[in-house]
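Okay, start.cif is below, mmCIF, C-alpha atoms:
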```cif
data_model
loop_
_atom_site.label_atom_id
_atom_site.label_comp_id
_atom_site.auth_asym_id
_atom_site.auth_seq_id
_atom_site.Cartn_x
_atom_site.Cartn_y
_atom_site.Cartn_z
CA MET A 1 -17.20 48.36 -28.87
CA LEU A 2 -15.95 51.30 -30.91
CA SER A 3 -15.52 50.82 -34.62
CA PRO A 4 -12.03 51.18 -36.12
CA ILE A 5 -13.05 54.39 -37.93
CA ILE A 6 -14.20 56.00 -34.67
CA ILE A 7 -10.94 54.99 -32.97
CA ALA A 8 -8.93 56.33 -35.94
CA ALA A 9 -10.82 59.64 -35.89
CA ILE A 10 -10.33 60.06 -32.15
CA LEU A 11 -6.62 59.26 -32.46
CA TRP A 12 -6.30 61.67 -35.41
CA ALA A 13 -7.69 64.54 -33.31
CA ILE A 14 -5.83 63.66 -30.10
CA ILE A 15 -2.47 63.22 -31.83
CA LEU A 16 -2.83 66.47 -33.77
CA ALA A 17 -3.92 68.46 -30.72
CA GLY A 18 -1.24 66.91 -28.51
CA ALA A 19 1.57 67.25 -31.04
CA GLY A 20 0.52 70.82 -31.79
CA SER A 21 0.77 71.62 -28.12
CA LEU A 22 4.16 69.92 -27.73
CA LEU A 23 5.58 71.55 -30.86
CA THR A 24 4.46 75.06 -29.89
CA ASP A 25 7.10 76.75 -27.78
CA ILE A 26 5.91 80.12 -26.56
CA GLY A 27 9.38 81.21 -25.50
CA PRO A 28 11.37 84.44 -25.55
CA TRP A 29 11.81 84.41 -29.34
CA TYR A 30 8.06 84.26 -29.90
CA ARG A 31 7.28 86.80 -27.17
CA GLU A 32 9.64 89.32 -28.80
CA LEU A 33 8.01 89.10 -32.21
CA GLU A 34 5.86 92.02 -33.24
CA LYS A 35 2.28 90.83 -33.59
CA PRO A 36 -0.84 92.57 -34.85
CA ALA A 37 -3.28 94.00 -32.34
CA TRP A 38 -5.97 91.63 -33.64
CA GLN A 39 -4.10 88.48 -32.63
CA PRO A 40 -6.09 86.47 -30.08
CA PRO A 41 -4.47 85.82 -26.68
CA ASP A 42 -2.06 82.87 -26.65
CA TRP A 43 -4.17 80.90 -24.15
CA LEU A 44 -7.09 80.79 -26.63
CA PHE A 45 -5.30 78.80 -29.34
CA GLY A 46 -5.28 75.47 -27.47
CA PRO A 47 -9.01 75.34 -26.74
CA ILE A 48 -9.87 76.52 -30.25
CA TRP A 49 -7.73 73.79 -31.82
CA MET A 50 -9.26 71.14 -29.57
CA ILE A 51 -12.77 72.12 -30.64
CA ILE A 52 -11.88 72.44 -34.33
CA LEU A 53 -10.04 69.12 -34.47
CA GLY A 54 -12.80 67.36 -32.53
CA LEU A 55 -15.40 68.64 -34.99
CA ALA A 56 -13.24 67.62 -37.97
CA ALA A 57 -12.81 64.12 -36.52
CA TRP A 58 -16.56 63.83 -36.00
CA ALA A 59 -17.07 65.05 -39.58
CA GLY A 60 -14.78 62.26 -40.75
CA ILE A 61 -16.92 59.69 -38.96
CA LEU A 62 -20.16 61.08 -40.41
CA SER A 63 -18.61 61.21 -43.88
CA TRP A 64 -17.25 57.67 -43.63
CA ASP A 65 -20.75 56.42 -42.96
CA GLN A 66 -21.92 58.03 -46.22
CA THR A 67 -19.17 56.76 -48.52
CA SER A 68 -20.34 54.57 -51.38
CA GLY A 69 -17.42 52.19 -51.46
CA GLN A 70 -13.72 51.59 -51.04
CA SER A 71 -12.62 54.24 -53.53
CA GLU A 72 -14.44 57.03 -51.65
CA GLN A 73 -13.13 55.64 -48.38
CA ALA A 74 -9.57 55.68 -49.77
CA ILE A 75 -9.97 59.30 -50.90
CA LEU A 76 -11.31 60.32 -47.49
CA ILE A 77 -8.40 58.57 -45.74
CA ALA A 78 -5.91 60.21 -48.12
CA ILE A 79 -7.36 63.67 -47.46
CA TYR A 80 -7.30 63.23 -43.69
CA GLY A 81 -3.80 61.74 -43.94
CA ALA A 82 -2.49 64.68 -45.99
CA ASN A 83 -4.11 67.08 -43.57
CA PHE A 84 -2.47 65.25 -40.66
CA LEU A 85 0.96 65.73 -42.25
CA PHE A 86 0.50 69.38 -43.18
CA HIS A 87 -1.04 70.19 -39.81
CA LEU A 88 1.95 68.64 -38.02
CA LEU A 89 4.52 70.50 -40.13
CA TRP A 90 3.40 74.04 -39.39
CA SER A 91 4.29 74.35 -35.67
CA PRO A 92 7.91 73.15 -35.90
CA LEU A 93 8.55 75.44 -38.87
CA PHE A 94 7.15 78.45 -37.03
CA PHE A 95 8.27 77.77 -33.46
CA LYS A 96 11.15 75.27 -33.38
CA TYR A 97 12.99 76.52 -36.45
CA GLN A 98 11.76 80.09 -35.88
CA ARG A 99 10.84 80.46 -39.52
CA PRO A 100 7.44 82.10 -39.87
CA ASP A 101 8.34 82.70 -43.52
CA TRP A 102 8.64 78.95 -44.16
CA ALA A 103 5.48 78.34 -42.12
CA LEU A 104 3.68 80.84 -44.36
CA ILE A 105 4.58 78.75 -47.41
CA GLU A 106 3.57 75.54 -45.63
CA VAL A 107 0.22 76.95 -44.48
CA VAL A 108 -0.86 77.06 -48.13
CA PHE A 109 -0.62 73.24 -48.22
CA LEU A 110 -2.45 73.00 -44.89
CA TRP A 111 -5.19 75.24 -46.26
CA LEU A 112 -5.44 73.15 -49.44
CA SER A 113 -5.78 69.98 -47.37
CA VAL A 114 -8.54 71.55 -45.26
CA THR A 115 -10.23 72.77 -48.44
CA ALA A 116 -10.18 69.21 -49.80
CA MET A 117 -11.52 67.96 -46.47
CA LEU A 118 -14.31 70.53 -46.57
CA ALA A 119 -15.28 69.66 -50.15
CA MET A 120 -15.21 65.91 -49.57
CA THR A 121 -17.11 65.92 -46.29
CA TRP A 122 -19.69 68.41 -47.61
CA SER A 123 -20.32 66.24 -50.68
CA LEU A 124 -20.83 63.14 -48.52
CA ALA A 125 -22.76 64.69 -45.63
CA PRO A 126 -23.50 68.43 -45.55
CA LEU A 127 -23.59 68.41 -41.74
CA ALA A 128 -20.05 66.99 -41.77
CA GLY A 129 -18.97 69.77 -44.12
CA MET A 130 -20.41 72.34 -41.74
CA MET A 131 -18.35 70.75 -38.97
CA VAL A 132 -15.16 71.24 -41.02
CA LEU A 133 -16.02 74.86 -41.85
CA PRO A 134 -14.56 76.22 -38.56
CA TYR A 135 -11.25 74.47 -39.38
CA PHE A 136 -11.26 76.04 -42.84
CA LEU A 137 -12.00 79.52 -41.46
CA TRP A 138 -9.47 79.20 -38.62
CA VAL A 139 -6.67 78.15 -40.98
CA MET A 140 -7.51 81.15 -43.20
CA PHE A 141 -7.29 83.39 -40.14
CA ALA A 142 -4.06 81.71 -39.00
CA ALA A 143 -2.56 82.21 -42.46
CA LEU A 144 -3.40 85.92 -42.34
CA LEU A 145 -1.89 86.15 -38.87
CA ASN A 146 1.22 84.27 -40.04
CA ALA A 147 1.54 86.63 -43.03
CA LYS A 148 1.23 89.72 -40.81
CA ILE A 149 3.90 88.38 -38.43
CA VAL A 150 6.22 87.79 -41.39
CA GLN A 151 5.51 91.32 -42.66
CA LEU A 152 6.18 92.90 -39.25
CA ASN A 153 9.33 90.91 -38.43
CA ALA A 154 11.10 89.84 -41.66
CA PRO A 155 13.75 88.92 -42.57
CA PHE A 156 14.22 85.55 -40.82
CA GLY A 157 17.11 83.10 -40.82
#
```
Written as structure tokens, how would this file's structure read?
Amino acid sequence: MLSPIIIAAILWAIILAGAGSLLTDIGPWYRELEKPAWQPPDWLFGPIWMIILGLAAWAGILSWDQTSGQSEQAILIAIYGANFLFHLLWSPLFFKYQRPDWALIEVVFLWLSVTAMLAMTWSLAPLAGMMVLPYFLWVMFAALLNAKIVQLNAPFG
């Protein structure tokens, strides 16, 4: 039988990946945006997010096993919970509301939540921290891409 923390980690990753997919509308508005030449192809984002979120969930499980008590467990849950919220907010801001400028502000909070996740997991289990590192790097890259799209296409709204 799977432990509750393993089930929670799996659900965290599946919900984030699924919601991200559902909230990302690659429609005419997005296709008409000017994008930098270094943007990866659209089809690559889904698989990358699945891998990154799977690794981050696994890192959460490894870290949980190394916590020294309820206070560290509560901090780990709070960090993953904040990340869940900030991760979910980005796609609707960018795609549904067509506001890359708002998404660029929001991505700072997403990046901070991933930074906290990286620091916490690394301190508990360095292997777990290494598993969060791709998430950290990808969000940095996504923020740069978001900023370039804002620069090329502003103003919005």
Chain and number of each residue from the PyMOL selection byres ((chain A and resi 95-100) around 9), as a PyMOL selection string: chain A and resi 23-27+29-30+90-94+101-105+146-147+149-150+154+156-157
For this file, the PyMOL selection byres ((chain A and resi 113) around 9) selects which residues, as a PDB file with C-alpha atoms, in the coordinates of the input?
```pdb
ATOM      1  CA  ILE A  79      -7.360  63.670 -47.460  1.00  0.00           C
ATOM      2  CA  TYR A  80      -7.300  63.230 -43.690  1.00  0.00           C
ATOM      3  CA  ALA A  82      -2.490  64.680 -45.990  1.00  0.00           C
ATOM      4  CA  ASN A  83      -4.110  67.080 -43.570  1.00  0.00           C
ATOM      5  CA  PHE A  84      -2.470  65.250 -40.660  1.00  0.00           C
ATOM      6  CA  PHE A  86       0.500  69.380 -43.180  1.00  0.00           C
ATOM      7  CA  HIS A  87      -1.040  70.190 -39.810  1.00  0.00           C
ATOM      8  CA  VAL A 108      -0.860  77.060 -48.130  1.00  0.00           C
ATOM      9  CA  PHE A 109      -0.620  73.240 -48.220  1.00  0.00           C
ATOM     10  CA  LEU A 110      -2.450  73.000 -44.890  1.00  0.00           C
ATOM     11  CA  TRP A 111      -5.190  75.240 -46.260  1.00  0.00           C
ATOM     12  CA  LEU A 112      -5.440  73.150 -49.440  1.00  0.00           C
ATOM     13  CA  VAL A 114      -8.540  71.550 -45.260  1.00  0.00           C
ATOM     14  CA  THR A 115     -10.230  72.770 -48.440  1.00  0.00           C
ATOM     15  CA  ALA A 116     -10.180  69.210 -49.800  1.00  0.00           C
ATOM     16  CA  MET A 117     -11.520  67.960 -46.470  1.00  0.00           C
ATOM     17  CA  LEU A 118     -14.310  70.530 -46.570  1.00  0.00           C
TER      18      LEU A 118
END
```
Give, as lines of an AutoDock Vina configuration file, the centre coordinates and the x, y and z edge lengths in Å to one decimal for an axis-aligned box around all listed atoms of range 138-144 of chain A, padded by 3 Å on each side.
```
center_x = -6.0
center_y = 82.0
center_z = -40.9
size_x = 12.9
size_y = 13.8
size_z = 10.6
```
Residues matched by the PyMOL selection byres ((chain A and resi 123) around 12) as number ranges by chain: A: 59, 62-64, 66-68, 72, 76, 116-122, 124-130
Straight-line distance linking CA of Leu44 in chain A with CA of Ile5 in chain A, stated in Å to one decimal: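 Between these atoms lies a distance of 29.3 Å.
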Proximity to Trp49 in chain A - best of A:Ala9, A:Ala74, A:Ile14, A:Leu33, all atoms listed in the file: A:Ile14
Interatomic distance, CA of Ile10 in chain A to CA of Gly54 in chain A (Å, one decimal): 7.7 Å
Using only C-alpha atoms: which of A:Leu85, A:Leu2, A:Met131, A:Val107 has the shortest distance to Ala56 in chain A: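 When distances to Ala56 in chain A are compared using only C-alpha atoms, the smallest one comes from A:Met131.
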Spatial neighbours of Leu145 in chain A, max dist 10 Å, all atoms listed in the file, sep filter under 5 positions, as a list in words: Lys35, Pro36, Trp38, Gln39, Pro40, Leu104, Val139, Met140, Val150 and Gln151 of chain A
Length of the CA of Ile51 in chain A to CA of Glu106 in chain A vector [Å]: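 One can read the CA of Ile51 in chain A to CA of Glu106 in chain A distance as 22.4 Å.
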